[in-house]
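Structure, as structure tokens:
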Amino acid sequence: MSDWEEEYDADGAQVDKPRKAEWRPPPSGEGGGGPQWRSWRDGRRADGARGRVGRTDFSSPAPVVFSVERAAIGRVIGKVNLIKINSGNYEGEVVIFGSSDVQKKAKEMIDDLILDNGSCDLFEIGVSPSDVVVCLNSLAPSSTAPVSLPPIDWASIRQNREKYEALKWQDLPPLKKDFYIEEPSVASRSAEEVKAWRKTNNNIFVDDLKEDGKRSIPNPVCTFVEAFQHYPGIMENIERVGFSKPTPIQSQAWPIILNGFDLIGIAQTGTGKTLAYLLPGFIHMDQQHKRKGPGMLVLTPTRELALQIEAECGKYSYKGFKSTEIGNLGD
Ligand code: AMP
């Protein structure tokens with residue numbers, strides 16, 4: 001039968017045949033384009049439409065690579081490291097690793113499924129070093145016998161995650177977060193004094209949201225010196241703008257943020273919230289390991305607030321830091 005006869009019926013209409021797997025030589029290097037690939041190809045030609053592989057030398061362990069229609073690929077189960085499917089838009093590339101026997105067996109089964117069974121999908125492939133199972137959609141084990149998929153080993157996945165996280169950070173200098181040096185005048189404040197101070201300063205309520213093992217909340221500072229006397233550049237800014245004392249939220253927020261704790265601060269507009277995070281933010285940016293790129297990101301819910309914060313930032317200068325406002329396209 002000629003190629004033409006294979007592809008067209010007696011009326012000249014094209015025959016809708018399943019597409020044969022297209023062979024590509026294994027990658028160059030070990031076995032690349034060599035005898036194995038040729039023997040696969042020759043085997044297919046010699047055996048015609050059945051897609052069987054005949055006189056084939058499977059001695060080389062180079063991976064076998066070929067393409068099948070994307071629609072013919074189901075899912076791969078079992079030791080998937082032996083068969084890999086690289087899915088493209090229209091075609092999937094099937095790469096078979098493993099011993100020559102496994103490669104041979106898997107390839108034969110795939111050919112059988114695609115070539116012998118017409119429209120049947122290559123639905124499931126299970127491969128182990130010694131055994132290969134390839135099932136059709138219609139014959140998938142799920143429709144006859146349950147497929148026993150190996151249980152997911154979450155413990156090892158978690159362990160690997162931690163391992164790779166650690167590898168990711170290992171070359172970076174350690175992250176330092178605590179830049180607070182508590183003044184004796186602050187440390188010596190009694191719990192009653194602190195309680196009274198909070199009561200008379202907007203009735204501040206402070207809590208640690210950590211449920212297990214609550215941390216002790218640093219005492220509030222009552223002067224700028226108590227907060228920033230070790231940071232002269234910050235003190236210069238405060239003297240320049242002429243503020244007389246910290247606002248309540250600043251008094252309580254500065255020791256917490258300088259300590260490196262996360263803080264959610266809720267206070268009315270005009271109570272000095274911006275400076276409450278801006279000044280400790282300058283210190284964190286300066287004291288951390290220097291790297292290129294932005295060091296602080298302030299997110300705001302409105303453009304108006306972003307502009308206000310930008311204006312506030314513009315009043316202070318510290319170590320040459322610059323600020324800019326970035327709008328949202330949908331804004
Ligand atoms: P806010 O919008 O809550 O950040 O408040 C900002 C306004 O409070 C700005 O006009 C600041 O200049 C002013 N401000 C910030 N800190 C103080 C302070 N310690 N004393 C007086 N005014 C301050």
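If you're wondering about the labels, chains in the structure tokens are A, B, ... by order shown, residues count from 1 in each chain, ligands from 1 in order shown.
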Show me, as JSON lines, the residues of chain A having an atom within 6 Å of ligand 1, each with the closest atom pair and its distance in Å, using only C-alpha atoms and all ligand atoms.
{"residue": "A:Phe243", "atom": "CA", "partner": "ligand 1", "partner_atom_place_in_ligand_line": "20 (N)", "distance": 4.7}
{"residue": "A:Lys245", "atom": "CA", "partner": "ligand 1", "partner_atom_place_in_ligand_line": "19 (N)", "distance": 5.3}
{"residue": "A:Pro246", "atom": "CA", "partner": "ligand 1", "partner_atom_place_in_ligand_line": "19 (N)", "distance": 3.9}
{"residue": "A:Thr247", "atom": "CA", "partner": "ligand 1", "partner_atom_place_in_ligand_line": "19 (N)", "distance": 4.7}
{"residue": "A:Thr269", "atom": "CA", "partner": "ligand 1", "partner_atom_place_in_ligand_line": "3 (O)", "distance": 4.4}
{"residue": "A:Gly270", "atom": "CA", "partner": "ligand 1", "partner_atom_place_in_ligand_line": "5 (O)", "distance": 3.4}
{"residue": "A:Thr271", "atom": "CA", "partner": "ligand 1", "partner_atom_place_in_ligand_line": "3 (O)", "distance": 4.0}
{"residue": "A:Gly272", "atom": "CA", "partner": "ligand 1", "partner_atom_place_in_ligand_line": "3 (O)", "distance": 3.6}
{"residue": "A:Lys273", "atom": "CA", "partner": "ligand 1", "partner_atom_place_in_ligand_line": "3 (O)", "distance": 4.1}
{"residue": "A:Thr274", "atom": "CA", "partner": "ligand 1", "partner_atom_place_in_ligand_line": "4 (O)", "distance": 3.6}
{"residue": "A:Leu275", "atom": "CA", "partner": "ligand 1", "partner_atom_place_in_ligand_line": "15 (C)", "distance": 5.7}
Could you turn the residues from that selection into a file that holds all heavy atoms, as a short mmCIF file (atom, residue, chain, number, x, y, z; two decimals), in the first residue's frame?
data_model
loop_
_atom_site.label_atom_id
_atom_site.label_comp_id
_atom_site.auth_asym_id
_atom_site.auth_seq_id
_atom_site.Cartn_x
_atom_site.Cartn_y
_atom_site.Cartn_z
N PHE A 243 8.93 69.94 66.41
CA PHE A 243 7.90 69.30 67.25
C PHE A 243 8.37 69.29 68.71
O PHE A 243 9.57 69.12 68.98
CB PHE A 243 7.64 67.86 66.82
CG PHE A 243 7.06 67.72 65.42
CD1 PHE A 243 7.37 66.62 64.62
CD2 PHE A 243 6.20 68.69 64.92
CE1 PHE A 243 6.84 66.48 63.36
CE2 PHE A 243 5.67 68.56 63.64
CZ PHE A 243 6.00 67.46 62.86
N LYS A 245 6.94 67.25 71.36
CA LYS A 245 6.98 65.91 71.96
C LYS A 245 6.27 64.91 71.05
O LYS A 245 5.47 65.31 70.17
CB LYS A 245 6.35 65.92 73.36
CG LYS A 245 4.88 66.23 73.38
CD LYS A 245 4.34 65.99 74.79
CE LYS A 245 2.83 66.08 74.77
NZ LYS A 245 2.12 65.45 75.78
N PRO A 246 6.53 63.63 71.25
CA PRO A 246 5.88 62.63 70.39
C PRO A 246 4.38 62.62 70.62
O PRO A 246 3.93 62.90 71.75
CB PRO A 246 6.49 61.30 70.84
CG PRO A 246 7.66 61.64 71.69
CD PRO A 246 7.45 63.01 72.23
N THR A 247 3.63 62.32 69.61
CA THR A 247 2.18 62.12 69.80
C THR A 247 1.99 60.75 70.48
O THR A 247 2.92 59.92 70.47
CB THR A 247 1.44 62.14 68.45
OG1 THR A 247 1.87 61.00 67.69
CG2 THR A 247 1.70 63.42 67.68
N THR A 269 -6.78 60.42 61.67
CA THR A 269 -5.94 61.24 60.80
C THR A 269 -5.41 62.42 61.60
O THR A 269 -6.12 62.99 62.43
CB THR A 269 -6.80 61.75 59.61
OG1 THR A 269 -7.32 60.61 58.95
CG2 THR A 269 -5.99 62.58 58.64
N GLY A 270 -4.17 62.77 61.35
CA GLY A 270 -3.58 63.92 62.02
C GLY A 270 -2.97 63.60 63.37
O GLY A 270 -2.51 64.51 64.07
N THR A 271 -2.93 62.33 63.74
CA THR A 271 -2.38 61.98 65.06
C THR A 271 -0.89 61.60 64.97
O THR A 271 -0.32 61.13 65.94
CB THR A 271 -3.15 60.80 65.69
OG1 THR A 271 -3.25 59.77 64.72
CG2 THR A 271 -4.54 61.21 66.13
N GLY A 272 -0.30 61.77 63.79
CA GLY A 272 1.14 61.50 63.65
C GLY A 272 1.47 60.06 63.31
O GLY A 272 2.59 59.59 63.55
N LYS A 273 0.53 59.35 62.67
CA LYS A 273 0.78 57.94 62.32
C LYS A 273 1.92 57.80 61.30
O LYS A 273 2.72 56.88 61.39
CB LYS A 273 -0.47 57.30 61.69
CG LYS A 273 -1.60 57.00 62.64
CD LYS A 273 -2.66 56.16 61.99
CE LYS A 273 -3.23 56.73 60.71
NZ LYS A 273 -3.97 58.00 60.91
N THR A 274 1.94 58.74 60.35
CA THR A 274 2.94 58.58 59.28
C THR A 274 4.35 58.57 59.86
O THR A 274 5.16 57.69 59.54
CB THR A 274 2.80 59.74 58.26
OG1 THR A 274 1.42 59.86 57.91
CG2 THR A 274 3.62 59.48 57.02
N LEU A 275 4.61 59.52 60.73
CA LEU A 275 5.95 59.58 61.34
C LEU A 275 6.19 58.39 62.27
O LEU A 275 7.33 58.01 62.51
CB LEU A 275 6.08 60.90 62.11
CG LEU A 275 7.41 61.62 61.98
CD1 LEU A 275 7.82 61.79 60.54
CD2 LEU A 275 7.35 62.95 62.70
#
Identify, on the basis of only C-alpha atoms, every residue whose closest approach to Thr300 (chain A) does not exceed 12 Å; exclude the query and any residue fewer than 2 positions from it along the same chain; express the result as a ChimeraX atom specification. /A:274,297-298,302-310,325-328,331
When you draw a straight line from CA of Gly281 (chain A) to CA of Gly260 (chain A), how long is it in Å? 10.2 Å
Excluding region 199-203 of chain A and its own-chain neighbours fewer than 5 positions away, which residues fall within 12 Å of it when counting only C-alpha atoms? Please give them as a PyMOL selection string. chain A and resi 192-194+220+222+246-252+266-268+271
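Taking CA of Asp178 (chain A) and CA of Tyr164 (chain A) as endpoints, the distance between them is 26.3 Å.
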Which residue out of A:Asn219, A:Asp207, A:Phe321, A:Lys176 has the minimum interatomic distance to Arg189 (chain A) when only C-alpha atoms are used? A:Asn219
